[in-house]
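Reviewing the structure listed below.
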Amino acid sequence: APVAPYQPRRPRFRVAPGSAPRDKANGQTLAPSLERRRGGGEARRAVVLDKAEQASEEERKQRILEAAEKHVSAHGWSEEALANGAKDSGLSAAAHGQFERGPVELVEHVAMRCLGQLASELDESADELAALSGWRPRLELAIEMRLKLSLPWHEHRAQALGLMLSRPSVSGLVPSEPAAIRALAAVADELARATLVDGEDMSQ
């Protein structure tokens with residue numbers, strides 16, 4: 001019987017000569033769809049790595065801020081306090097340079113931590129607050145709680161207020177709103193939560 005002549009298989013993808021991407025490992029031509037899949041996988045890996053780096057950077061900054069708190073009493077709300085916090089965290093003192101707004105971020109960190117503590121203390125004192133007659137005594141108690149949380153940094157309160165009222169510019173951008181606005185709004189929310197009671201006459 002006559003033998004049919006050899007017919008080479010047609011390639012699944014028609015790629016113009018010289019235009020097909022090649023595998024860097026073995027030099028073989030890759031099909032376009034495979035190249036797209038490979039490119040998509042590399043892009044996803046890059047996104048995952050970028051997110052991991054951002055999370056790692058935030059964790060590192062939190063460690064520095066927490067360590068810097070204890071240096072405020074000696075150095076105030078300063079670059080020096082941040083530098084000492086970086087060294088206490090096992091990093092170079094120069095690592096404090098990652099805080100673009102400088103000591104303002106340290107003040108904000110402490111303010112937000114105190115806010116969290118205030119919220120917890122108000123929750124624990126819910127029965128005591130409810131037993132008070134009228135909104136004024138409840139407000140006074142809540143304010144007293146917040147002031148006590150600030151006692152460790154009382155000596156440098158004027159400097160902290162000045163920093164919180166500043167409008168720092170980052171990387172040449174338009175200056176942001178003062179940090180004090182956000183902090184004051186957050187504290188006001190907690191004081192209102194501790195003070196206000198539905199249906200109570202606030203005119204007295």
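Ordered as shown in the structure tokens, chains take letters A, B, and onward, while each chain numbers its residues from 1 and ligands are numbered from 1 in the order shown.
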Task: range 118-133 of chain A surroundings by only C-alpha atoms, 8 Å radius, close-in-sequence under 6 positions cut, as a VMD selection string - done: chain A and resid 141 to 142 145 to 146 149 190 194 to 195
Task: Residues near Ala158 in chain A, cut-off 12 Å, only C-alpha atoms, skip fewer than 5 positions along chain, as an NGL selection string - done: :A and (76-77 or 107 or 153 or 163-165)
Selected residues, N, CA, C and O atoms, written as a tab-separated table (two decimals), in the first residue's frame, please.
```
chain	number	residue	atom	x	y	z
A	76	GLY	N	11.06	65.36	74.24
A	76	GLY	CA	9.88	66.01	73.69
A	76	GLY	C	9.39	65.29	72.44
A	76	GLY	O	9.84	64.18	72.12
A	77	TRP	N	8.46	65.93	71.75
A	77	TRP	CA	7.94	65.36	70.51
A	77	TRP	C	8.89	65.78	69.39
A	77	TRP	O	8.68	66.80	68.74
A	107	VAL	N	2.83	62.24	67.74
A	107	VAL	CA	1.73	62.82	68.54
A	107	VAL	C	0.41	62.14	68.16
A	107	VAL	O	-0.40	61.79	69.04
A	153	TRP	N	2.46	62.65	79.40
A	153	TRP	CA	3.04	63.60	78.44
A	153	TRP	C	2.63	65.03	78.77
A	153	TRP	O	2.76	65.93	77.93
A	163	LEU	N	2.22	71.09	67.36
A	163	LEU	CA	2.42	70.17	66.23
A	163	LEU	C	1.09	69.74	65.62
A	163	LEU	O	0.96	69.65	64.40
A	164	MET	N	0.12	69.47	66.47
A	164	MET	CA	-1.18	69.02	65.98
A	164	MET	C	-1.90	70.12	65.20
A	164	MET	O	-2.75	69.83	64.35
A	165	LEU	N	-1.58	71.38	65.48
A	165	LEU	CA	-2.22	72.49	64.79
A	165	LEU	C	-1.49	72.91	63.52
A	165	LEU	O	-1.98	73.74	62.77
```
- [ ] Please provide the set of residues having any atom within 6 Å of Leu82 in chain A, restricted to only C-alpha atoms, with same-chain residues fewer than 3 positions apart removed, written as a ChimeraX atom specification.
- [x] /A:68,79,85,96
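Minimum distance to Pro137 in chain A across A:Ala111, A:Pro178, A:Leu196, A:Ser150 (counting only C-alpha atoms) occurs at A:Leu196.
In this model, the gap between CA of Gly116 in chain A and CA of Val187 in chain A comes to 9.8 Å.
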